[in-house]
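Enquirer: Sending over query-v4.tsv (TSV, C-alpha atoms and all ligand atoms).
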chain	number	residue	atom	x	y	z
A	14	MET	CA	-0.73	8.14	16.86
A	15	GLY	CA	-1.26	9.31	13.31
A	16	LYS	CA	-3.93	7.80	11.14
A	17	GLU	CA	-3.57	4.35	9.66
A	18	ALA	CA	-2.71	4.24	6.06
A	19	ASN	CA	-2.63	1.32	3.86
A	20	PRO	CA	-5.77	2.72	2.36
A	21	PHE	CA	-6.19	-0.21	-0.03
A	22	LYS	CA	-6.79	-2.82	2.63
A	23	LYS	CA	-10.50	-1.88	2.69
A	24	MET	CA	-11.09	-2.61	-0.98
A	25	PRO	CA	-13.57	-5.51	-1.32
A	26	THR	CA	-12.99	-8.64	-3.36
A	27	ILE	CA	-13.66	-7.86	-7.01
A	28	LEU	CA	-16.17	-10.27	-8.54
A	29	MET	CA	-15.83	-11.13	-12.22
A	30	PRO	CA	-18.88	-10.75	-14.50
A	31	ASP	CA	-19.96	-14.41	-14.23
A	32	GLU	CA	-19.66	-14.46	-10.46
A	33	LEU	CA	-21.49	-11.19	-9.98
A	34	MET	CA	-24.24	-12.22	-12.40
A	35	ALA	CA	-24.66	-15.57	-10.66
A	36	LYS	CA	-24.91	-13.86	-7.29
A	37	ALA	CA	-27.50	-11.38	-8.59
A	38	LEU	CA	-29.60	-14.10	-10.26
A	39	ARG	CA	-29.55	-16.23	-7.10
A	40	ARG	CA	-30.79	-13.32	-5.04
A	41	GLY	CA	-33.40	-12.49	-7.68
A	42	GLU	CA	-34.67	-16.06	-7.60
A	43	LYS	CA	-34.89	-16.02	-3.82
A	44	VAL	CA	-36.99	-12.87	-3.86
A	45	ALA	CA	-39.20	-14.36	-6.57
A	46	VAL	CA	-39.91	-17.43	-4.44
A	47	GLU	CA	-41.15	-15.18	-1.63
A	48	MET	CA	-43.26	-13.11	-3.99
A	49	ARG	CA	-44.95	-16.16	-5.49
A	50	GLN	CA	-46.45	-16.93	-2.06
A	51	LYS	CA	-48.59	-13.82	-2.27
A	52	GLU	CA	-52.29	-14.14	-3.04
A	53	LEU	CA	-52.75	-11.99	-6.13
A	54	PRO	CA	-54.55	-12.19	-9.47
A	55	TRP	CA	-52.34	-14.02	-11.99
A	56	LEU	CA	-51.30	-11.06	-14.19
A	57	LEU	CA	-50.65	-8.83	-11.23
A	58	LYS	CA	-48.63	-11.56	-9.59
A	59	ALA	CA	-46.52	-12.19	-12.70
A	60	ARG	CA	-45.72	-8.49	-12.96
A	61	PHE	CA	-45.00	-8.33	-9.25
A	62	VAL	CA	-42.60	-11.29	-9.33
A	63	GLU	CA	-40.72	-10.11	-12.43
A	64	GLU	CA	-40.49	-6.54	-11.23
A	65	HIS	CA	-38.98	-7.65	-7.93
A	66	LYS	CA	-36.55	-9.92	-9.72
A	67	VAL	CA	-35.39	-7.05	-11.91
A	68	ARG	CA	-35.07	-4.66	-9.00
A	69	THR	CA	-33.12	-7.19	-6.97
A	70	ILE	CA	-30.72	-8.06	-9.79
A	71	SER	CA	-30.23	-4.40	-10.57
A	72	SER	CA	-29.42	-3.44	-7.01
A	73	VAL	CA	-27.14	-6.42	-6.32
A	74	VAL	CA	-25.06	-5.58	-9.39
A	75	ALA	CA	-25.12	-1.79	-9.03
A	76	ASP	CA	-24.45	-1.91	-5.26
A	77	ASN	CA	-21.57	-4.31	-5.71
A	78	LEU	CA	-19.89	-2.05	-8.26
A	79	GLN	CA	-20.62	1.05	-6.19
A	80	LYS	CA	-19.11	-0.59	-3.12
A	81	VAL	CA	-15.82	-1.03	-4.97
A	82	ILE	CA	-15.87	2.69	-5.78
A	83	ASP	CA	-16.78	3.70	-2.21
A	84	LYS	CA	-14.12	1.52	-0.60
A	85	THR	CA	-11.36	2.59	-2.94
A	86	PRO	CA	-9.58	5.73	-1.76
A	87	PRO	CA	-9.49	8.63	-4.24
A	88	ILE	CA	-5.90	8.58	-5.47
A	89	ARG	CA	-5.30	12.32	-5.39
A	90	LYS	CA	-6.26	12.47	-1.71
A	91	LEU	CA	-3.71	9.84	-0.67
A	92	PRO	CA	-0.35	10.59	0.94
A	93	LYS	CA	2.20	11.11	-1.80
A	94	PHE	CA	3.98	7.85	-1.00
A	95	TYR	CA	0.88	5.79	-1.77
A	96	GLN	CA	0.16	7.80	-4.92
A	97	GLU	CA	3.64	6.98	-6.11
A	98	MET	CA	3.07	3.31	-5.33
A	99	VAL	CA	-0.11	3.23	-7.42
A	100	GLU	CA	1.84	4.75	-10.28
A	101	VAL	CA	4.73	2.30	-9.97
A	102	LEU	CA	2.68	-0.84	-9.37
A	103	VAL	CA	-0.35	-0.38	-11.60
A	104	GLY	CA	-0.39	3.06	-13.26
A	105	ILE	CA	-2.55	5.92	-11.98
A	106	ASP	CA	-4.24	6.67	-15.33
A	107	GLU	CA	-5.24	3.08	-15.93
A	108	PHE	CA	-6.45	2.78	-12.35
A	109	LYS	CA	-8.63	5.87	-12.62
A	110	LYS	CA	-9.97	4.84	-16.00
A	111	SER	CA	-10.96	1.45	-14.66
A	112	MET	CA	-12.69	2.93	-11.63
A	113	GLY	CA	-14.56	5.13	-14.09
A	114	ALA	CA	-15.83	2.00	-15.82
A	115	PHE	CA	-17.23	0.72	-12.52
A	116	LYS	CA	-19.09	3.99	-12.05
A	117	TRP	CA	-20.44	3.95	-15.58
A	118	ALA	CA	-21.68	0.36	-15.27
A	119	SER	CA	-23.16	0.84	-11.81
A	120	GLU	CA	-25.17	3.88	-12.86
A	121	LEU	CA	-26.32	2.32	-16.11
A	122	VAL	CA	-27.49	-0.90	-14.45
A	123	ARG	CA	-29.44	1.05	-11.86
A	124	LYS	CA	-31.07	3.19	-14.51
A	125	LEU	CA	-31.98	0.18	-16.64
A	126	GLY	CA	-33.38	-1.55	-13.56
A	127	ASN	CA	-35.79	1.31	-13.01
A	128	GLU	CA	-36.73	1.46	-16.68
A	129	TYR	CA	-37.46	-2.26	-16.95
A	130	ALA	CA	-39.33	-2.33	-13.64
A	131	ARG	CA	-41.62	0.38	-15.01
A	132	LYS	CA	-42.12	-1.45	-18.29
A	133	ILE	CA	-42.90	-4.71	-16.49
A	134	ARG	CA	-45.55	-3.02	-14.41
A	135	LYS	CA	-47.37	-2.22	-17.65
A	136	ALA	CA	-46.92	-5.68	-19.20
A	137	ARG	CA	-50.10	-7.07	-20.77
A	138	THR	CA	-49.35	-10.74	-20.21
A	139	PRO	CA	-47.18	-12.81	-17.85
A	140	GLN	CA	-45.16	-13.86	-20.94
A	141	GLN	CA	-44.40	-10.26	-21.77
A	142	ALA	CA	-43.31	-9.57	-18.18
A	143	GLY	CA	-40.99	-12.59	-18.34
A	144	LYS	CA	-39.61	-11.53	-21.70
A	145	LEU	CA	-38.82	-8.04	-20.39
A	146	ARG	CA	-37.00	-9.48	-17.38
A	147	LYS	CA	-34.92	-11.73	-19.66
A	148	GLU	CA	-34.10	-8.79	-21.85
A	149	PHE	CA	-32.95	-6.86	-18.80
A	150	VAL	CA	-30.73	-9.73	-17.64
A	151	GLY	CA	-29.18	-9.89	-21.11
A	152	ARG	CA	-28.35	-6.20	-21.04
A	153	VAL	CA	-26.79	-6.36	-17.59
A	154	LYS	CA	-24.68	-9.32	-18.72
A	155	SER	CA	-23.45	-7.43	-21.71
A	156	ILE	CA	-22.61	-4.32	-19.64
A	157	LEU	CA	-20.57	-6.44	-17.25
A	158	GLU	CA	-18.83	-8.16	-20.15
A	159	GLN	CA	-17.97	-4.76	-21.53
A	160	ILE	CA	-16.14	-3.79	-18.33
A	161	HIS	CA	-14.59	-7.23	-17.85
A	162	PRO	CA	-11.06	-5.99	-18.66
A	163	GLU	CA	-11.38	-3.15	-16.14
A	164	MET	CA	-12.73	-5.52	-13.49
A	165	ALA	CA	-9.80	-7.85	-14.04
A	166	PHE	CA	-7.40	-4.92	-13.92
A	167	ILE	CA	-8.79	-3.64	-10.61
A	168	ALA	CA	-8.76	-7.16	-9.15
A	169	VAL	CA	-5.03	-7.48	-9.90
A	170	ALA	CA	-4.32	-3.91	-8.76
A	171	ARG	CA	-6.07	-4.60	-5.45
A	172	GLU	CA	-3.94	-7.67	-4.83
A	173	LYS	CA	-0.78	-5.67	-5.39
A	174	LEU	CA	-1.81	-2.57	-3.45
A	175	LYS	CA	-3.03	-4.59	-0.49
A	176	GLU	CA	0.54	-5.80	-0.04
A	177	LEU	CA	1.82	-2.32	0.63
A	178	PRO	CA	3.03	-1.65	4.13
A	179	THR	CA	0.92	0.26	6.60
A	180	PHE	CA	2.58	3.54	7.37
A	181	LYS	CA	1.30	6.21	9.65
A	182	ASP	CA	1.30	9.89	8.93
A	183	LEU	CA	4.02	10.63	11.48
A	184	PRO	CA	7.56	12.05	11.42
A	185	THR	CA	9.52	9.23	9.80
A	186	VAL	CA	13.09	7.97	9.87
A	187	VAL	CA	14.19	5.67	7.06
A	188	ILE	CA	17.16	3.45	7.89
A	189	ALA	CA	19.79	2.60	5.28
A	190	GLY	CA	23.12	0.79	5.15
A	191	TYR	CA	24.65	-2.47	3.93
A	192	PRO	CA	23.41	-5.83	5.25
A	193	ASN	CA	24.69	-6.86	8.70
A	194	VAL	CA	25.79	-3.40	9.75
A	195	GLY	CA	23.29	-3.60	12.62
A	196	LYS	CA	20.18	-1.92	11.26
A	197	SER	CA	17.61	-4.30	12.69
A	198	THR	CA	19.40	-4.52	16.04
A	199	LEU	CA	19.34	-0.74	16.19
A	200	LEU	CA	15.68	-0.54	15.18
A	201	LYS	CA	14.78	-2.95	17.94
A	202	LYS	CA	16.82	-1.12	20.55
A	203	LEU	CA	15.40	2.27	19.60
A	204	THR	CA	11.77	1.28	19.32
A	205	GLY	CA	11.38	-1.52	21.83
A	206	ALA	CA	10.11	-4.98	21.02
A	207	ASP	CA	7.17	-4.01	18.86
A	208	VAL	CA	8.75	-4.03	15.40
A	209	GLU	CA	6.24	-5.06	12.78
A	210	ILE	CA	7.23	-6.74	9.57
A	211	ASN	CA	5.15	-5.44	6.68
A	212	SER	CA	5.24	-6.83	3.19
A	213	TYR	CA	6.49	-4.62	0.37
A	214	PRO	CA	5.90	-5.74	-3.20
A	215	PHE	CA	9.48	-4.99	-4.26
A	216	THR	CA	11.37	-7.05	-1.74
A	217	THR	CA	10.82	-10.54	-0.38
A	218	LYS	CA	12.34	-9.48	2.93
A	219	GLY	CA	9.51	-7.13	3.82
A	220	ILE	CA	9.81	-3.80	5.51
A	221	ASN	CA	10.26	-3.38	9.27
A	222	VAL	CA	8.38	-0.64	11.02
A	223	GLY	CA	8.78	0.40	14.62
A	224	TYR	CA	7.69	3.39	16.70
A	225	MET	CA	9.81	5.50	18.96
A	226	GLY	CA	6.95	7.35	20.62
A	227	GLU	CA	5.44	9.48	17.88
A	228	ILE	CA	8.33	8.82	15.51
A	229	GLN	CA	7.99	6.15	12.84
A	230	MET	CA	11.12	4.18	12.00
A	231	VAL	CA	11.36	2.15	8.83
A	232	ASP	CA	14.01	-0.39	7.93
A	233	THR	CA	14.01	-1.50	4.33
A	234	PRO	CA	16.04	-4.69	4.00
A	235	GLY	CA	16.83	-5.43	0.39
A	236	LEU	CA	16.26	-1.86	-0.78
A	237	LEU	CA	18.69	0.62	0.68
A	238	ASP	CA	21.45	-1.90	1.24
A	239	ARG	CA	23.33	-2.18	-2.01
A	240	PRO	CA	24.56	0.12	-4.76
A	241	LEU	CA	21.89	1.71	-6.90
A	242	HIS	CA	23.51	0.84	-10.21
A	243	GLU	CA	22.64	-2.80	-9.45
A	244	ARG	CA	18.95	-1.92	-9.37
A	245	ASN	CA	16.31	-2.40	-12.01
A	246	ASP	CA	13.83	0.36	-12.84
A	247	ILE	CA	11.04	-0.86	-10.62
A	248	GLU	CA	13.36	-1.22	-7.63
A	249	LEU	CA	14.68	2.27	-8.24
A	250	GLN	CA	11.17	3.67	-8.29
A	251	ALA	CA	10.35	1.79	-5.10
A	252	ILE	CA	13.40	3.36	-3.50
A	253	LEU	CA	12.61	6.81	-4.85
A	254	ALA	CA	9.11	6.57	-3.41
A	255	LEU	CA	10.69	6.33	0.06
A	256	ASN	CA	11.55	9.98	-0.43
A	257	TYR	CA	7.90	10.82	0.16
A	258	LEU	CA	7.98	8.92	3.41
A	259	ALA	CA	11.30	9.95	4.91
A	260	ASN	CA	11.84	13.06	6.98
A	261	VAL	CA	15.31	11.86	7.98
A	262	VAL	CA	17.58	9.10	6.73
A	263	LEU	CA	19.61	7.23	9.31
A	264	PHE	CA	22.60	5.71	7.55
A	265	VAL	CA	24.36	3.00	9.53
A	266	ILE	CA	28.05	2.25	8.98
A	267	ASP	CA	29.74	-0.81	10.43
A	268	ALA	CA	33.08	0.50	11.68
A	269	SER	CA	34.37	-3.01	12.29
A	270	GLU	CA	33.79	-4.08	8.68
A	271	PHE	CA	32.65	-7.43	10.10
A	272	CYS	CA	29.54	-7.01	7.99
A	273	GLY	CA	31.74	-7.95	5.04
A	274	TYR	CA	31.80	-4.55	3.36
A	275	THR	CA	34.75	-2.18	3.47
A	276	ILE	CA	34.45	1.37	4.73
A	277	GLU	CA	35.03	2.46	1.15
A	278	ASP	CA	32.03	0.46	-0.08
A	279	GLN	CA	29.88	1.77	2.72
A	280	ILE	CA	30.83	5.39	2.07
A	281	ASN	CA	30.06	4.91	-1.61
A	282	LEU	CA	26.58	3.66	-0.78
A	283	LEU	CA	26.13	6.62	1.55
A	284	ARG	CA	27.09	8.95	-1.28
A	285	GLU	CA	24.36	7.41	-3.47
A	286	VAL	CA	21.75	7.54	-0.73
A	287	LYS	CA	22.65	11.15	-0.06
A	288	GLN	CA	22.02	12.03	-3.68
A	289	LEU	CA	18.75	10.17	-3.74
A	290	PHE	CA	17.13	11.72	-0.68
A	291	ASN	CA	16.42	15.37	-0.24
A	292	VAL	CA	16.17	15.14	3.56
A	293	PRO	CA	18.80	15.43	6.31
A	294	ILE	CA	21.05	12.41	6.77
A	295	ILE	CA	22.30	11.26	10.13
A	296	VAL	CA	25.18	8.81	10.07
A	297	ALA	CA	25.59	6.33	12.91
A	298	ILE	CA	29.03	4.78	13.08
A	299	ASN	CA	28.07	1.46	14.65
A	300	LYS	CA	29.97	-1.37	16.38
A	301	ILE	CA	32.45	1.04	17.95
A	302	ASP	CA	32.97	-1.65	20.60
A	303	LEU	CA	34.70	-3.70	17.91
A	304	ALA	CA	36.58	-1.05	15.94
A	305	SER	CA	39.93	0.61	16.64
A	306	GLU	CA	40.20	4.31	17.46
A	307	ASP	CA	42.17	4.86	14.27
A	308	LYS	CA	39.54	3.23	12.12
A	309	ILE	CA	36.83	5.35	13.66
A	310	LYS	CA	38.89	8.51	13.12
A	311	GLU	CA	39.43	7.54	9.49
A	312	ILE	CA	35.69	7.15	8.99
A	313	GLU	CA	34.98	10.48	10.62
A	314	GLU	CA	37.47	12.18	8.29
A	315	LYS	CA	35.80	10.65	5.26
A	316	LEU	CA	32.37	11.71	6.43
A	317	LYS	CA	33.59	15.23	6.96
A	318	LYS	CA	34.88	15.35	3.41
A	319	LEU	CA	31.51	14.15	2.18
A	320	GLY	CA	29.84	17.00	4.04
A	321	VAL	CA	27.79	14.90	6.45
A	322	GLU	CA	26.72	17.15	9.30
A	323	THR	CA	25.42	14.84	11.96
A	324	VAL	CA	27.61	11.87	12.90
A	325	LEU	CA	27.24	9.76	16.03
A	326	LYS	CA	29.45	6.95	17.27
A	327	ILE	CA	27.34	4.16	18.69
A	328	SER	CA	27.09	0.51	19.54
A	329	ALA	CA	23.67	-0.99	19.02
A	330	ASN	CA	24.56	-4.17	20.91
A	331	SER	CA	26.32	-2.53	23.83
A	332	GLU	CA	23.83	0.34	23.86
A	333	ILE	CA	26.43	3.06	23.66
A	334	ASN	CA	25.15	6.54	22.79
A	335	LEU	CA	21.67	5.32	21.80
A	336	ASP	CA	19.88	7.93	23.90
A	337	THR	CA	21.74	10.75	22.16
A	338	LEU	CA	20.93	9.22	18.80
A	339	LYS	CA	17.29	8.93	19.77
A	340	GLU	CA	17.08	12.58	20.77
A	341	LYS	CA	18.77	13.76	17.58
A	342	LEU	CA	16.49	11.65	15.38
A	343	LYS	CA	13.40	12.87	17.16
A	344	LYS	CA	14.36	16.49	16.98
A	345	ILE	CA	15.26	16.51	13.30
A	346	ALA	CA	12.39	14.23	12.21
A	347	ILE	CA	9.80	16.42	13.93
A	348	ARG	CA	11.34	19.61	12.56
A	349	GLU	CA	11.36	18.27	9.00
A	350	PHE	CA	7.86	16.79	9.28
A	351	MET	CA	6.44	20.10	10.45
A	352	SER	CA	8.09	22.05	7.66
A	353	LYS	CA	6.89	19.75	4.86
A	401	LIG	N1	29.64	-6.13	18.56
A	401	LIG	C1	28.59	-5.56	18.02
A	401	LIG	N2	27.80	-6.27	17.21
A	401	LIG	C2	26.72	-5.67	16.66
A	401	LIG	C3	26.42	-4.32	16.92
A	401	LIG	N3	25.31	-4.00	16.24
A	401	LIG	C4	24.92	-5.11	15.60
A	401	LIG	N4	25.77	-6.14	15.85
A	401	LIG	C5	25.69	-7.50	15.32
A	401	LIG	O1	25.85	-7.46	13.94
A	401	LIG	C6	25.10	-8.49	13.32
A	401	LIG	C7	24.21	-7.92	12.23
A	401	LIG	O2	23.24	-7.09	12.84
A	401	LIG	P1	21.79	-6.89	12.22
A	401	LIG	O3	21.08	-5.95	13.11
A	401	LIG	O4	21.15	-8.17	11.91
A	401	LIG	O5	22.18	-6.19	10.87
A	401	LIG	P2	21.24	-5.63	9.68
A	401	LIG	O6	21.95	-4.46	9.15
A	401	LIG	O7	19.89	-5.46	10.19
A	401	LIG	O8	21.32	-6.80	8.67
A	401	LIG	P3	20.25	-7.15	7.48
A	401	LIG	O9	19.00	-7.52	8.18
A	401	LIG	O10	20.91	-8.28	6.77
A	401	LIG	O11	20.14	-5.91	6.66
A	401	LIG	C8	24.33	-9.17	14.42
A	401	LIG	O12	25.01	-10.35	14.80
A	401	LIG	C9	24.34	-8.15	15.55
A	401	LIG	O13	24.30	-8.76	16.83
A	401	LIG	C10	27.29	-3.58	17.77
A	401	LIG	O14	27.14	-2.40	18.03
A	401	LIG	N5	28.35	-4.26	18.27
I'd like the structure from this file rewritten - as structure tokens, please.

Expert:
Amino acid sequence: MGKEANPFKKMPTILMPDELMAKALRRGEKVAVEMRQKELPWLLKARFVEEHKVRTISSVVADNLQKVIDKTPPIRKLPKFYQEMVEVLVGIDEFKKSMGAFKWASELVRKLGNEYARKIRKARTPQQAGKLRKEFVGRVKSILEQIHPEMAFIAVAREKLKELPTFKDLPTVVIAGYPNVGKSTLLKKLTGADVEINSYPFTTKGINVGYMGEIQMVDTPGLLDRPLHERNDIELQAILALNYLANVVLFVIDASEFCGYTIEDQINLLREVKQLFNVPIIVAINKIDLASEDKIKEIEEKLKKLGVETVLKISANSEINLDTLKEKLKKIAIREFMSK
């Protein structure tokens, strides 16, 4: 199987300045308690305690910020679909700028930690050592306050990006068609029982992902199931991003019209989907067990006029022609995936 990719799931919880400061001070205090046990002359001991406090606070803060950087995938290395999602959901520029702030703060805190530790080692009195440590704490606080907006931004971005579905880097079929035409029945029949429901920030219905061997199949309820002119900008972008994922679109038509949409409506949606995706489209005329011969012929004529090349007549429920459909999908998906 291809590699896992919701790359944002690994991002750690983002602490706000107060929380991070409190954590660092707690750890600093703990280290100080241990250091005070040591038998040392009083000035040496004061320096020793304060220096360790400073070093601990500095590394807790700097490490925490660095961890966010390390666990966040570099945007330009991500699959194009995820890059597009970052742009749509949070904005790539703002995201990069904010990560830059984490780097700046982490490096500065580490540098200051070293500087103050050195100064404390030369302190002439315990009071001076204490004063230097307080000064250091004040500076760290103010650095964190300075990047507070960026921390808040990344915290919100993480929440949103974590909700993205986990797609694999495999040949992918995206399924489209009006509600109730039989998309989820078909997905289940083609991929077996293991259909996962993933959340997708643009639709409350989630996204269904199944695997037909090494082929990924994605059903997008709520996205590719009604006319595009009814969409808002964000939804449109979410739909457009599927372009980066799809190697083939499987458009399902309900020949019986029992789904509640006429053939005309369904063909119109197909026309829109065809314009939107720059990958081959396979049309499955479904529920042929319920539709008349004439109706099916009429649909085939219309599809011909539209210039659809690959059309299969199937029944998802009665499992008619599913093996042929499977083979076609596999062949075209792999071919397109390889040539991308
Ligand atoms: N007779 C018959 N019924 C079918 C066939 N395919 C699907 N159905 C039925 O059609 C209904 C809708 O099927 P679904 O698979 O839920 O349709 P969907 O397109 O996934 O619907 P949404 O999840 O709302 O987008 C269900 O009752 C299915 O059992 C078929 O080939 N023949």

Enquirer: Dig up all the protein and nucleic acid residues within 9 Å of (15.9, -2.8, 4.1) in the file frame, using all atoms listed in the file, and format them as a list in words.

Expert: Ile188, Ala189, Gly190, Tyr191, Pro192, Lys196, Ser197, Thr216, Lys218, Gly219, Ile220, Asn221, Val231, Asp232, Thr233, Pro234, Gly235, Leu236, Leu237 and Asp238 of chain A

Enquirer: Do you know which residues are at most 12 Å from Val44 in chain A counting all atoms listed in the file, after dropping those on the same chain fewer than 2 positions away, and could you put them as a PDB file with C-alpha atoms, keeping the file's coordinate frame?

Expert:
ATOM      1  CA  ALA A  37     -27.500 -11.380  -8.590  1.00  0.00           C
ATOM      2  CA  LEU A  38     -29.600 -14.100 -10.260  1.00  0.00           C
ATOM      3  CA  ARG A  39     -29.550 -16.230  -7.100  1.00  0.00           C
ATOM      4  CA  ARG A  40     -30.790 -13.320  -5.040  1.00  0.00           C
ATOM      5  CA  GLY A  41     -33.400 -12.490  -7.680  1.00  0.00           C
ATOM      6  CA  GLU A  42     -34.670 -16.060  -7.600  1.00  0.00           C
ATOM      7  CA  VAL A  46     -39.910 -17.430  -4.440  1.00  0.00           C
ATOM      8  CA  GLU A  47     -41.150 -15.180  -1.630  1.00  0.00           C
ATOM      9  CA  MET A  48     -43.260 -13.110  -3.990  1.00  0.00           C
ATOM     10  CA  ARG A  49     -44.950 -16.160  -5.490  1.00  0.00           C
ATOM     11  CA  GLN A  50     -46.450 -16.930  -2.060  1.00  0.00           C
ATOM     12  CA  LYS A  51     -48.590 -13.820  -2.270  1.00  0.00           C
ATOM     13  CA  PHE A  61     -45.000  -8.330  -9.250  1.00  0.00           C
ATOM     14  CA  VAL A  62     -42.600 -11.290  -9.330  1.00  0.00           C
ATOM     15  CA  GLU A  63     -40.720 -10.110 -12.430  1.00  0.00           C
ATOM     16  CA  GLU A  64     -40.490  -6.540 -11.230  1.00  0.00           C
ATOM     17  CA  HIS A  65     -38.980  -7.650  -7.930  1.00  0.00           C
ATOM     18  CA  LYS A  66     -36.550  -9.920  -9.720  1.00  0.00           C
ATOM     19  CA  VAL A  67     -35.390  -7.050 -11.910  1.00  0.00           C
ATOM     20  CA  ARG A  68     -35.070  -4.660  -9.000  1.00  0.00           C
ATOM     21  CA  THR A  69     -33.120  -7.190  -6.970  1.00  0.00           C
ATOM     22  CA  ILE A  70     -30.720  -8.060  -9.790  1.00  0.00           C
TER      23      ILE A  70
END

Enquirer: Hey, which residues sit close to ligand LIG 401 (chain A)? Say within 8 Å, counting all atoms listed in the file, and write them as a PyMOL selection string.

Expert: chain A and resi 190-200+233-235+238+265+267+271-272+299-303+327-333

Enquirer: From the options A:Ile88, A:Ile167, A:Val222, A:Ala118, which residue's atoms come nearest to Val186 in chain A, counting only C-alpha atoms?

Expert: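 Of the candidates, the smallest distance to Val186 in chain A is held by A:Val222.
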
Enquirer: Tell me which of A:Glu322, A:Glu107, A:Asp83, A:Glu270 sits closest to Pro25 in chain A, counting all atoms listed in the file.

Expert: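 Using all atoms listed in the file, Pro25 in chain A sits closest to A:Asp83.
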
Enquirer: With only C-alpha atoms as the basis for distance, which of A:Leu57, A:Met112, A:Ile345, A:Leu33 is at the shortest distance from Ala142 in chain A?

Expert: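 The shortest atom-to-atom distance to Ala142 in chain A comes from A:Leu57.
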
Enquirer: Mind giving me the straight-line distance from CA of Pro30 in chain A to CA of Thr85 in chain A in Å, one decimal?

Expert: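 It comes out at 19.2 Å.
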
Enquirer: Would you please work out which residue, of A:Arg239, A:Lys154, A:Arg284, A:Lys58, is nearest to Thr138 in chain A when using all atoms listed in the file?

Expert: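 Of A:Arg239, A:Lys154, A:Arg284, A:Lys58, the one nearest Thr138 in chain A is A:Lys58, counting all atoms listed in the file.
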
Enquirer: Just checking: using all atoms listed in the file, which residue out of A:Val296, A:Val101, A:Glu158, A:Leu125 ends up closest to Pro214 in chain A?

Expert: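 Of A:Val296, A:Val101, A:Glu158, A:Leu125, the one nearest Pro214 in chain A, counting all atoms listed in the file, is A:Val101.
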
Enquirer: Could you give me, as a ChimeraX atom specification, the residues that sit within 12 Å of (-39.4, -10.2, -19.0) in the file's coordinates, counting all atoms listed in the file?

Expert: /A:59-67,126,129-152

Enquirer: Between A:Ala346, A:Asp182, A:Glu176, A:Lys317, which has the minimum distance to Thr217 in chain A (counting all atoms listed in the file)?

Expert: A:Glu176

Enquirer: Could you name the residues that touch range 340-344 of chain A at 8 Å or less, counting all atoms listed in the file, but leaving out those on the same chain fewer than 5 positions away, as a PyMOL selection string?

Expert: chain A and resi 186+228+261+295

Enquirer: Would you export the selected residues with C-alpha atoms as a compact mmCIF listing (two decimals), in the coordinates of the input, please?

Expert:
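The new file result_26.txt reads:
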# COMPACT_ATOMS: atom_id res chain seq x y z
CA VAL A 186 13.09 7.97 9.87
CA ILE A 228 8.33 8.82 15.51
CA VAL A 261 15.31 11.86 7.98
CA ILE A 295 22.30 11.26 10.13

Enquirer: Could the centre and edge lengths of an axis-aligned box, enclosing all atoms of range 220-232 of chain A in the file with 4 Å extra on each side, be given in Å to one decimal as lines of an AutoDock Vina configuration file?

Expert:
center_x = 9.7
center_y = 2.8
center_z = 13.1
size_x = 16.6
size_y = 21.3
size_z = 23.1

Enquirer: Would you list the contacts of Val292 in chain A as a list of chain:residue names, taking every protein, DNA or RNA residue within 12 Å and counting only C-alpha atoms, but skipping same-chain residues closer than 6 positions in sequence?

Expert: A:Thr185, A:Val186, A:Val187, A:Leu255, A:Asn256, A:Tyr257, A:Leu258, A:Ala259, A:Asn260, A:Val261, A:Val262, A:Leu263, A:Val286, A:Val321, A:Ile345, A:Ala346, A:Arg348, A:Glu349, A:Phe350, A:Ser352, A:Lys353

Enquirer: Between CA of Asp307 in chain A and CA of Leu203 in chain A, measure the distance and give it in Å to one decimal.

Expert: 27.4 Å

Enquirer: CA of Ile276 in chain A and CA of Tyr213 in chain A are how many Å apart?

Expert: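 The value is 28.9 Å.
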
Enquirer: Mind filling out range 34-42 of chain A with N, CA and C atoms and sending it as a PDB file, keeping the file's coordinate frame?

Expert:
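Contents of rebuild.pdb, freshly written:
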ATOM      1  N   MET A  34     -22.949 -11.896 -11.777  1.00  0.00           N
ATOM      2  CA  MET A  34     -24.240 -12.220 -12.400  1.00  0.00           C
ATOM      3  C   MET A  34     -24.898 -13.376 -11.663  1.00  0.00           C
ATOM      4  N   ALA A  35     -24.111 -14.399 -11.354  1.00  0.00           N
ATOM      5  CA  ALA A  35     -24.660 -15.570 -10.660  1.00  0.00           C
ATOM      6  C   ALA A  35     -25.208 -15.163  -9.296  1.00  0.00           C
ATOM      7  N   LYS A  36     -24.469 -14.317  -8.609  1.00  0.00           N
ATOM      8  CA  LYS A  36     -24.910 -13.860  -7.290  1.00  0.00           C
ATOM      9  C   LYS A  36     -26.233 -13.096  -7.405  1.00  0.00           C
ATOM     10  N   ALA A  37     -26.291 -12.199  -8.406  1.00  0.00           N
ATOM     11  CA  ALA A  37     -27.500 -11.380  -8.590  1.00  0.00           C
ATOM     12  C   ALA A  37     -28.701 -12.259  -8.956  1.00  0.00           C
ATOM     13  N   LEU A  38     -28.491 -13.243  -9.833  1.00  0.00           N
ATOM     14  CA  LEU A  38     -29.600 -14.100 -10.260  1.00  0.00           C
ATOM     15  C   LEU A  38     -30.104 -14.955  -9.093  1.00  0.00           C
ATOM     16  N   ARG A  39     -29.166 -15.441  -8.285  1.00  0.00           N
ATOM     17  CA  ARG A  39     -29.550 -16.230  -7.100  1.00  0.00           C
ATOM     18  C   ARG A  39     -30.434 -15.411  -6.179  1.00  0.00           C
ATOM     19  N   ARG A  40     -30.010 -14.184  -5.940  1.00  0.00           N
ATOM     20  CA  ARG A  40     -30.790 -13.320  -5.040  1.00  0.00           C
ATOM     21  C   ARG A  40     -32.143 -13.003  -5.667  1.00  0.00           C
ATOM     22  N   GLY A  41     -32.144 -12.774  -6.968  1.00  0.00           N
ATOM     23  CA  GLY A  41     -33.400 -12.490  -7.680  1.00  0.00           C
ATOM     24  C   GLY A  41     -34.369 -13.647  -7.553  1.00  0.00           C
ATOM     25  N   GLU A  42     -33.840 -14.857  -7.671  1.00  0.00           N
ATOM     26  CA  GLU A  42     -34.670 -16.060  -7.600  1.00  0.00           C
ATOM     27  C   GLU A  42     -35.263 -16.220  -6.192  1.00  0.00           C
TER      28      GLU A  42
END
